[in-house]
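Q: This one is query.cif, mmCIF, C-alpha atoms and all ligand atoms.
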```cif
data_run
loop_
_atom_site.label_atom_id
_atom_site.label_comp_id
_atom_site.auth_asym_id
_atom_site.auth_seq_id
_atom_site.Cartn_x
_atom_site.Cartn_y
_atom_site.Cartn_z
CA MET C 12 76.07 63.84 156.31
CA ASP C 13 74.66 63.72 152.75
CA THR C 14 75.33 66.06 149.86
CA TRP C 15 72.36 67.77 148.25
CA LEU C 16 72.83 69.16 144.75
CA VAL C 17 70.61 72.23 144.27
CA THR C 18 70.29 73.64 140.75
CA GLY C 19 69.20 77.27 140.42
CA GLY C 20 70.19 77.87 144.04
CA ALA C 21 71.24 81.46 143.32
CA GLY C 22 67.70 82.41 142.29
CA PHE C 23 64.72 83.48 144.37
CA ILE C 24 63.28 80.23 145.72
CA GLY C 25 66.54 78.31 145.43
CA SER C 26 68.45 80.74 147.67
CA ASN C 27 65.69 80.67 150.29
CA PHE C 28 65.69 76.87 150.11
CA VAL C 29 69.49 76.63 150.51
CA ARG C 30 69.31 78.79 153.64
CA ALA C 31 66.56 76.54 155.02
CA VAL C 32 68.56 73.36 154.35
CA LEU C 33 71.70 74.69 156.02
CA ALA C 34 69.70 76.01 158.97
CA SER C 35 67.57 72.93 159.61
CA THR C 36 69.51 69.87 158.42
CA PRO C 37 73.06 68.54 158.87
CA HIS C 38 73.59 68.14 155.11
CA ARG C 39 76.08 69.63 152.67
CA VAL C 40 74.65 71.75 149.85
CA VAL C 41 76.27 72.26 146.46
CA VAL C 42 74.57 74.85 144.25
CA LEU C 43 74.83 74.42 140.47
CA ASP C 44 73.79 77.69 138.82
CA LYS C 45 74.56 79.44 135.55
CA LEU C 46 74.10 82.88 137.14
CA THR C 47 71.80 84.20 134.43
CA TYR C 48 70.30 87.67 134.79
CA ALA C 49 68.11 86.12 137.54
CA GLY C 50 70.84 84.37 139.55
CA HIS C 51 73.10 86.30 141.91
CA LEU C 52 75.73 85.31 144.45
CA GLU C 53 74.48 88.26 146.54
CA SER C 54 71.43 86.11 147.29
CA LEU C 55 73.71 83.55 148.94
CA ALA C 56 75.92 86.10 150.74
CA GLY C 57 77.30 84.85 154.05
CA LEU C 58 76.74 81.17 153.28
CA GLU C 59 80.32 80.80 152.02
CA ARG C 60 81.35 80.90 155.68
CA ASP C 61 79.57 77.57 156.22
CA ALA C 62 81.92 74.68 155.37
CA ARG C 63 78.89 72.65 154.26
CA PHE C 64 78.14 75.07 151.39
CA GLY C 65 79.63 74.85 147.91
CA PHE C 66 78.96 76.64 144.61
CA VAL C 67 79.57 75.58 141.02
CA ARG C 68 78.87 77.94 138.15
CA GLY C 69 77.47 75.90 135.28
CA ASP C 70 74.64 75.26 132.86
CA VAL C 71 72.15 72.45 133.55
CA ALA C 72 71.64 72.05 129.81
CA ASP C 73 75.32 71.18 129.32
CA ARG C 74 75.87 67.43 129.59
CA ALA C 75 79.56 67.55 130.55
CA THR C 76 78.86 70.09 133.32
CA VAL C 77 76.03 67.99 134.72
CA GLU C 78 77.98 64.72 134.59
CA ALA C 79 80.95 66.39 136.29
CA ALA C 80 78.72 67.75 139.06
CA TYR C 81 77.21 64.32 139.79
CA ALA C 82 80.64 62.65 139.70
CA ALA C 83 82.38 65.23 141.90
CA HIS C 84 79.68 65.63 144.57
CA ARG C 85 77.88 62.27 144.56
CA PRO C 86 74.57 63.67 145.84
CA THR C 87 71.86 61.59 147.51
CA VAL C 88 69.34 64.37 146.93
CA VAL C 89 68.94 66.57 143.85
CA VAL C 90 66.59 69.55 144.01
CA HIS C 91 66.06 71.00 140.54
CA PHE C 92 65.03 74.67 140.60
CA ALA C 93 67.10 75.95 137.65
CA ALA C 94 64.80 77.39 135.00
CA GLU C 95 63.89 80.43 133.00
CA THR C 96 60.90 81.66 135.00
CA HIS C 97 59.38 84.90 133.73
CA VAL C 98 56.23 84.40 131.65
CA ASP C 99 56.65 87.78 129.91
CA ARG C 100 60.18 86.88 128.78
CA SER C 101 58.91 83.51 127.52
CA ILE C 102 56.48 85.34 125.24
CA ASP C 103 59.24 87.47 123.68
CA GLY C 104 61.95 84.78 123.60
CA PRO C 105 60.75 81.19 124.10
CA ARG C 106 63.91 79.46 122.84
CA GLU C 107 65.87 79.79 126.07
CA PHE C 108 62.88 78.46 128.00
CA VAL C 109 62.77 75.25 126.00
CA ARG C 110 66.56 74.89 126.13
CA THR C 111 66.90 75.31 129.90
CA ASN C 112 63.57 74.08 131.21
CA VAL C 113 63.14 71.04 128.95
CA GLY C 114 66.73 70.33 127.81
CA GLY C 115 68.22 71.15 131.22
CA THR C 116 65.77 68.89 133.01
CA GLN C 117 66.55 66.05 130.61
CA GLU C 118 70.30 66.42 131.29
CA MET C 119 69.74 66.50 135.06
CA LEU C 120 67.54 63.38 134.84
CA GLU C 121 69.96 61.52 132.62
CA GLY C 122 72.80 62.46 134.98
CA ALA C 123 70.73 61.10 137.88
CA ARG C 124 70.03 57.84 136.06
CA LEU C 125 73.73 57.21 135.44
CA HIS C 126 74.75 58.38 138.91
CA LEU C 127 72.22 56.01 140.51
CA LEU C 128 74.03 53.06 138.92
CA SER C 129 77.09 54.01 141.00
CA LEU C 130 75.21 54.25 144.32
CA GLN C 131 74.96 51.24 146.60
CA GLY C 132 72.66 50.10 149.45
CA PRO C 133 71.30 52.89 151.69
CA ASP C 134 72.63 55.72 149.49
CA ARG C 135 70.74 54.28 146.55
CA ALA C 136 67.62 53.66 148.66
CA ARG C 137 67.34 57.26 149.86
CA PHE C 138 68.26 58.97 146.59
CA ARG C 139 65.61 61.47 145.53
CA PHE C 140 65.34 63.75 142.48
CA LEU C 141 62.90 66.52 143.38
CA HIS C 142 61.72 68.63 140.46
CA VAL C 143 60.29 72.03 141.40
CA SER C 144 57.38 72.96 139.16
CA THR C 145 54.47 75.34 138.97
CA ASP C 146 50.67 75.39 139.06
CA GLU C 147 50.79 77.09 135.64
CA VAL C 148 51.09 73.66 133.99
CA TYR C 149 47.39 73.09 134.74
CA GLY C 150 46.17 76.01 132.62
CA SER C 151 43.54 78.60 133.45
CA LEU C 152 40.44 78.25 135.67
CA ASP C 153 37.13 80.08 135.58
CA ALA C 154 35.65 81.47 138.77
CA THR C 155 35.35 78.08 140.48
CA GLY C 156 37.40 74.92 141.04
CA ARG C 157 40.96 74.25 142.17
CA PHE C 158 43.89 72.28 140.74
CA THR C 159 44.57 68.88 142.26
CA GLU C 160 47.40 66.51 141.37
CA GLU C 161 44.93 64.76 139.03
CA THR C 162 44.05 67.87 137.01
CA ALA C 163 44.99 67.35 133.36
CA TYR C 164 47.87 69.48 132.10
CA ALA C 165 46.81 72.37 129.83
CA PRO C 166 49.69 74.87 129.76
CA ARG C 167 49.04 78.05 127.77
CA SER C 168 52.19 80.21 127.89
CA PRO C 169 55.61 79.18 126.53
CA TYR C 170 56.90 79.21 130.13
CA ALA C 171 54.09 76.93 131.36
CA ALA C 172 54.50 74.61 128.36
CA SER C 173 58.24 74.27 128.99
CA LYS C 174 57.62 73.43 132.66
CA ALA C 175 54.91 70.93 131.67
CA GLY C 176 57.35 69.30 129.25
CA ALA C 177 59.90 69.03 132.06
CA ASP C 178 57.34 67.49 134.44
CA HIS C 179 56.49 64.84 131.82
CA LEU C 180 60.18 63.99 131.40
CA VAL C 181 60.51 63.54 135.16
CA HIS C 182 57.60 61.08 135.18
CA ALA C 183 59.08 59.26 132.20
CA TRP C 184 62.46 58.84 133.92
CA HIS C 185 60.64 57.45 136.96
CA GLU C 186 58.44 55.02 135.03
CA THR C 187 61.04 53.95 132.47
CA TYR C 188 64.30 53.96 134.39
CA GLY C 189 63.09 53.77 137.99
CA VAL C 190 64.68 57.08 139.01
CA PRO C 191 63.11 57.97 142.42
CA THR C 192 61.54 61.31 141.51
CA ILE C 193 59.14 63.72 143.16
CA VAL C 194 57.39 66.61 141.39
CA THR C 195 56.00 69.56 143.32
CA ASN C 196 53.66 72.10 141.70
CA CYS C 197 53.42 75.36 143.59
CA SER C 198 51.45 78.57 143.29
CA ASN C 199 52.94 82.09 143.08
CA ASN C 200 55.69 82.69 145.64
CA TYR C 201 56.53 85.98 147.30
CA GLY C 202 59.24 86.90 149.81
CA PRO C 203 62.90 87.98 150.06
CA TYR C 204 65.41 87.73 147.19
CA GLN C 205 62.88 87.81 144.32
CA TYR C 206 64.21 89.40 141.15
CA PRO C 207 62.57 92.82 140.70
CA GLU C 208 60.88 91.94 137.38
CA LYS C 209 58.26 89.98 139.37
CA LEU C 210 55.08 91.59 140.69
CA VAL C 211 55.79 92.28 144.38
CA PRO C 212 59.37 93.66 144.26
CA LEU C 213 58.62 95.50 141.00
CA MET C 214 55.72 97.28 142.66
CA VAL C 215 57.72 98.13 145.80
CA LEU C 216 60.66 99.59 143.87
CA ASN C 217 58.57 101.51 141.33
CA ALA C 218 56.47 102.97 144.15
CA LEU C 219 59.50 104.15 146.10
CA GLU C 220 60.76 105.93 142.97
CA GLY C 221 57.35 107.47 142.28
CA LYS C 222 57.05 105.52 139.02
CA PRO C 223 53.80 104.02 137.67
CA MET C 224 52.77 100.72 139.27
CA PRO C 225 51.67 98.82 136.11
CA VAL C 226 48.68 96.48 136.44
CA TYR C 227 47.94 94.26 133.44
CA GLY C 228 44.47 94.39 131.85
CA ASP C 229 41.66 94.89 134.37
CA GLY C 230 43.79 93.70 137.32
CA LYS C 231 41.32 90.93 138.07
CA ASN C 232 43.48 87.91 137.16
CA VAL C 233 43.63 85.70 140.23
CA ARG C 234 46.65 83.87 141.61
CA ASP C 235 47.16 81.91 144.82
CA TRP C 236 50.06 83.31 146.86
CA LEU C 237 52.47 81.40 149.09
CA HIS C 238 55.38 82.76 151.13
CA VAL C 239 58.66 81.39 149.82
CA GLU C 240 59.64 80.03 153.26
CA ASP C 241 56.49 77.90 153.29
CA HIS C 242 57.38 76.59 149.83
CA ALA C 243 60.94 75.78 150.96
CA ARG C 244 59.60 73.90 154.00
CA GLY C 245 57.22 71.96 151.79
CA ILE C 246 60.08 70.84 149.57
CA LEU C 247 62.08 69.73 152.63
CA LEU C 248 59.10 67.69 153.84
CA ALA C 249 58.59 66.18 150.39
CA ILE C 250 62.23 65.01 150.38
CA GLU C 251 61.86 63.59 153.86
CA ARG C 252 58.39 62.03 153.58
CA GLY C 253 57.37 62.09 149.91
CA ARG C 254 56.69 58.94 147.95
CA SER C 255 59.05 58.00 145.12
CA GLY C 256 57.17 58.82 141.93
CA GLY C 257 54.87 61.11 143.92
CA ARG C 258 53.59 64.56 143.11
CA TYR C 259 52.43 67.25 145.50
CA ASN C 260 50.70 70.60 145.06
CA PHE C 261 51.58 73.50 147.36
CA GLY C 262 49.42 76.60 147.73
CA GLY C 263 48.69 79.22 150.35
CA ASP C 264 44.86 79.24 150.33
CA ALA C 265 45.36 82.91 149.54
CA GLU C 266 43.68 83.73 146.25
CA ARG C 267 44.06 87.39 145.36
CA THR C 268 43.50 89.44 142.22
CA ASN C 269 46.62 91.17 140.96
CA LEU C 270 45.04 94.49 141.91
CA GLU C 271 44.49 93.26 145.48
CA VAL C 272 48.17 92.27 145.70
CA VAL C 273 49.26 95.70 144.45
CA GLU C 274 46.92 97.41 146.92
CA ALA C 275 48.32 95.28 149.77
CA VAL C 276 51.82 96.42 148.75
CA CYS C 277 50.61 100.06 148.72
CA ASP C 278 49.06 99.71 152.18
CA ALA C 279 52.24 98.17 153.63
CA LEU C 280 54.31 100.96 152.07
CA GLU C 281 52.02 103.64 153.50
CA ARG C 282 52.81 102.29 156.97
CA GLU C 283 56.51 101.51 156.48
CA ALA C 284 57.61 104.35 154.17
CA PRO C 285 54.94 107.11 154.11
CA PRO C 286 55.17 109.14 150.88
CA GLY C 287 55.25 112.38 152.91
CA HIS C 288 58.65 111.33 154.31
CA SER C 289 60.23 111.00 150.84
CA ASP C 290 61.68 114.06 149.13
CA ALA C 291 61.45 112.28 145.75
CA LEU C 292 57.74 111.54 146.15
CA ARG C 293 56.91 114.94 147.60
CA ALA C 294 58.71 116.56 144.66
CA LYS C 295 56.48 114.58 142.28
CA GLY C 296 53.37 115.56 144.24
CA ILE C 297 52.54 111.96 145.18
CA ALA C 298 50.47 111.84 148.34
CA ARG C 299 49.34 108.19 148.22
CA TYR C 300 51.00 105.13 146.69
CA ARG C 301 47.66 103.99 145.27
CA ASP C 302 47.71 107.04 142.99
CA LEU C 303 50.61 105.38 141.13
CA VAL C 304 48.52 102.35 140.10
CA THR C 305 48.26 102.41 136.29
CA PHE C 306 46.33 99.94 134.12
CA VAL C 307 48.36 98.83 131.08
CA THR C 308 47.87 96.55 128.04
CA ASP C 309 47.21 92.98 129.13
CA ARG C 310 49.66 90.09 128.67
CA PRO C 311 48.78 88.03 125.54
CA GLY C 312 47.04 84.81 126.62
CA HIS C 313 46.97 85.96 130.25
CA ASP C 314 45.59 83.06 132.33
CA ARG C 315 42.56 84.24 134.28
CA ARG C 316 42.72 82.27 137.49
CA TYR C 317 44.86 79.67 139.26
CA ALA C 318 43.86 78.00 142.53
CA ILE C 319 45.51 75.13 144.34
CA ASP C 320 44.13 72.27 146.38
CA ALA C 321 47.04 71.28 148.64
CA ALA C 322 45.13 68.59 150.58
CA ARG C 323 47.59 65.84 149.61
CA ALA C 324 50.62 67.78 150.86
CA ARG C 325 48.79 68.53 154.09
CA ALA C 326 47.73 64.91 154.66
CA ASP C 327 50.76 62.99 153.39
CA LEU C 328 53.60 65.38 154.24
CA GLY C 329 52.12 67.06 157.33
CA TRP C 330 52.70 70.41 155.60
CA ALA C 331 50.78 73.63 156.20
CA PRO C 332 51.70 77.25 155.43
CA ARG C 333 52.80 79.32 158.43
CA HIS C 334 52.60 82.80 156.90
CA ASP C 335 49.23 84.43 156.30
CA PHE C 336 49.09 86.69 153.26
CA ALA C 337 48.68 90.05 155.05
CA GLY C 338 51.55 89.43 157.48
CA GLY C 339 53.72 87.85 154.80
CA ILE C 340 53.31 90.77 152.39
CA ALA C 341 54.02 93.32 155.14
CA ALA C 342 57.21 91.46 156.13
CA THR C 343 58.24 91.16 152.47
CA VAL C 344 57.78 94.88 151.82
CA ARG C 345 59.92 95.59 154.92
CA TRP C 346 62.60 93.23 153.60
CA TYR C 347 62.89 95.13 150.30
CA LEU C 348 63.00 98.45 152.16
CA GLU C 349 65.85 97.14 154.29
CA HIS C 350 67.74 95.52 151.38
CA ARG C 351 68.00 98.30 148.81
CA ALA C 352 71.67 97.42 148.26
CA TRP C 353 70.66 93.89 147.21
CA CYS C 354 68.02 95.35 144.86
CA ASP C 355 70.56 97.73 143.29
CA ALA C 356 73.15 94.95 142.92
CA VAL C 357 70.88 92.51 141.11
CA GLN C 358 68.71 94.62 138.86
CA GLY C 359 71.29 96.41 136.68
CA GLY C 360 69.73 99.88 136.74
CA ALA C 361 65.95 99.86 136.37
CA SER C 362 66.02 97.76 133.18
CA ALA C 363 64.76 94.74 135.15
CA ARG C 364 61.48 96.56 135.48
CA ARG C 365 60.91 97.46 131.82
CA ARG C 366 57.73 96.15 130.19
CA GLN C 367 58.18 92.85 128.36
CA GLY C 368 55.93 90.17 126.94
CA LEU C 369 53.83 92.10 124.46
CA GLY C 370 54.69 89.49 121.85
CA THR C 371 57.16 91.48 119.79
CA PRO C 372 59.22 88.83 117.92
CA GLY C 373 62.80 88.73 119.16
CA ALA C 374 62.13 91.44 121.75
CA THR C 375 64.44 89.85 124.30
CA ARG C 376 66.44 87.40 122.20
P1 LIG V 401 64.50 82.61 139.42
O1 LIG V 401 64.30 83.09 138.04
O2 LIG V 401 64.53 83.59 140.55
O3 LIG V 401 65.86 81.76 139.52
C1 LIG V 401 66.23 80.83 138.54
C2 LIG V 401 67.66 80.40 138.83
O4 LIG V 401 68.03 79.40 137.87
C3 LIG V 401 68.68 81.54 138.71
O5 LIG V 401 69.59 81.49 139.77
C4 LIG V 401 69.36 81.26 137.38
O6 LIG V 401 70.70 81.74 137.32
C5 LIG V 401 69.29 79.74 137.33
N1 LIG V 401 69.38 79.22 135.96
C6 LIG V 401 68.64 79.61 134.88
N2 LIG V 401 69.02 78.91 133.79
C7 LIG V 401 70.00 78.06 134.19
C8 LIG V 401 70.77 77.08 133.52
N3 LIG V 401 70.62 76.83 132.21
N4 LIG V 401 71.67 76.37 134.24
C9 LIG V 401 71.84 76.61 135.56
N5 LIG V 401 71.15 77.54 136.24
C10 LIG V 401 70.23 78.25 135.57
O7 LIG V 401 63.38 81.50 139.65
P2 LIG V 401 62.49 81.13 140.94
O8 LIG V 401 61.33 82.05 141.00
O9 LIG V 401 63.38 80.99 142.11
O10 LIG V 401 61.95 79.70 140.51
C11 LIG V 401 62.70 78.53 140.79
C12 LIG V 401 61.94 77.31 140.31
O11 LIG V 401 60.65 77.28 140.94
C13 LIG V 401 61.66 77.32 138.81
O12 LIG V 401 61.82 76.01 138.31
C14 LIG V 401 60.21 77.77 138.70
O13 LIG V 401 59.60 77.23 137.55
C15 LIG V 401 59.62 77.19 139.97
N6 LIG V 401 58.46 77.90 140.51
C16 LIG V 401 58.52 79.25 140.75
C17 LIG V 401 57.41 79.88 141.32
C18 LIG V 401 57.44 81.36 141.65
O14 LIG V 401 56.42 81.92 142.05
N7 LIG V 401 58.57 82.04 141.55
C19 LIG V 401 56.25 79.15 141.62
C20 LIG V 401 56.24 77.78 141.36
C21 LIG V 401 57.36 77.16 140.82
#
```
Translate this file's structure into structure tokens.
A:
Amino acid sequence: MDTWLVTGGAGFIGSNFVRAVLASTPHRVVVLDKLTYAGHLESLAGLERDARFGFVRGDVADRATVEAAYAAHRPTVVVHFAAETHVDRSIDGPREFVRTNVGGTQEMLEGARLHLLSLQGPDRARFRFLHVSTDEVYGSLDATGRFTEETAYAPRSPYAASKAGADHLVHAWHETYGVPTIVTNCSNNYGPYQYPEKLVPLMVLNALEGKPMPVYGDGKNVRDWLHVEDHARGILLAIERGRSGGRYNFGGDAERTNLEVVEAVCDALEREAPPGHSDALRAKGIARYRDLVTFVTDRPGHDRRYAIDAARARADLGWAPRHDFAGGIAATVRWYLEHRAWCDAVQGGASARRRQGLGTPGATR
């Protein structure tokens, strides 16, 4: 049995990944997470009953914390999710993004380099440092084309730039120090346990309260969407089969405009929670969720389109998404309807859903 150190495991993708590891492998998992506004132990509820699960509260940008975690748990796999992740917040307060995403990645890499020196034989041979990154590092596309692993980096938001910086550090630690790294760049995830500032849960919760469903600009910005369980399975396969020094794109072949995503959420809600059955919505005179859709000021520098070519992951890792978009969104909407207590616990009133990212200096920090 190996120990896997998972940073950011109390966040959206991390918590889904930790569940997948415990369910499908024999390994121990230790989560290292600072529990920022986006990290919550409620997302890991129940796992404490598994003797293979451990949790350490700590900051990946703090050298002593990181060194102690490597020394105490002696992992053979590190999966690095921990990051500041909301583009809008990065516009208002970029400092924390550079500190955690760039500085935190450097500390995790440096910790891995030193830890590797203490590993012998097979433990050393199978050590992997998997860095979880985003398709946003590649910049914005026009109507055609898709990102491959060879696409030049051209990040445009502070969030994307901080992730790009982290990706470059990972490559440098592989080339310079021989740390066996893997970088995965994934498109937009949706699914259970996503913090309600992000598009899908924000829309679900606003709709249920009869609040405006805000769509930025003309609603025609395109993203590729992947169910979080498919992302988690891709990361597991990359650890198992990925090449040291390799990089893999994951995407769902599911390009949708933001407006199409919001309309899919509305349609799922019409079936699962008809407005006519809600006193709150009836009192506000809301007959259809689509009537709540409201176009608002666009995000500054809003990338127009992302699209992913995941051919390498399919060929080399034997990976393919299992969820189609329509079924995945319907299941996700049901999950939020059935987990209102989780939503209430993590979002601290409705402040999670306030508008951010209009570029007001110091708006968040
Ligand atoms: P999230 O915001 O839901 O969770 C981030 C987690 O990291 C939280 O648990 C938070 O407490 C923790 N964290 C933040 N700063 C920390 C620090 N300094 N030290 C320790 N822990 C810290 O994020 P997510 O959506 O789950 O994304 C996880 C990773 O996947 C990120 O690296 C992100 O860039 C990447 N990614 C996300 C998406 C997406 O659609 N959500 C797509 C591609 C890649």
Q: CA of Asn196 in chain C and atom N6 of ligand LIG 401 (chain V) are how many Å apart?
A: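 CA of Asn196 in chain C sits 7.6 Å away from atom N6 of ligand LIG 401 (chain V).
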Q: Show me which residues line ligand LIG 401 (chain V), defined as having an atom within 6 Å of a ligand atom where all atoms listed in the file count, and present them as number ranges by chain.
A: C: 19-25, 44-47, 49-50, 69-72, 92-96, 111, 143-145, 197-200, 205-206
Q: Give me the residues of range 58-159 of chain C that have any atom at most 10 Å from an atom of range 321-336 of chain C; for each, the nearest atom pair and the distance in Å, rounded to one decimal. Use all atoms listed in the file, sort by chain and number, and format it as CSV.
A:
```
residue,atom,partner,partner_atom,distance
C:Arg157,CA,C:Ala321,CA,9.4
C:Phe158,CA,C:Ala321,CA,8.6
C:Thr159,CA,C:Ala321,CA,7.3
```
Q: Just to confirm, what's the straight-line distance from CA of Pro86 in chain C to CA of Ala172 in chain C in Å (one decimal)?
A: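 Going from CA of Pro86 in chain C over to CA of Ala172 in chain C, I get 28.8 Å.
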Q: Using CA of Leu247 in chain C and CA of Gly176 in chain C as the two end points, give the distance in Å to one decimal.
A: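 Distance reported for this atom pair: 23.9 Å.
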Q: Give the answer as one residue: which of C:Ile319, C:Ile102, C:Ala218, C:Leu248 has the shortest atom-to-atom distance to Ala291 in chain C, using only C-alpha atoms?
A: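 Answer, going by the shortest atom-to-atom distance: C:Ala218.
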Q: Which is closer to Asp99 in chain C than all the others in C:Arg345, C:Arg365, C:Lys231, C:Arg282, using only C-alpha atoms?
A: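 The answer is C:Arg365, which sits nearest to Asp99 in chain C.
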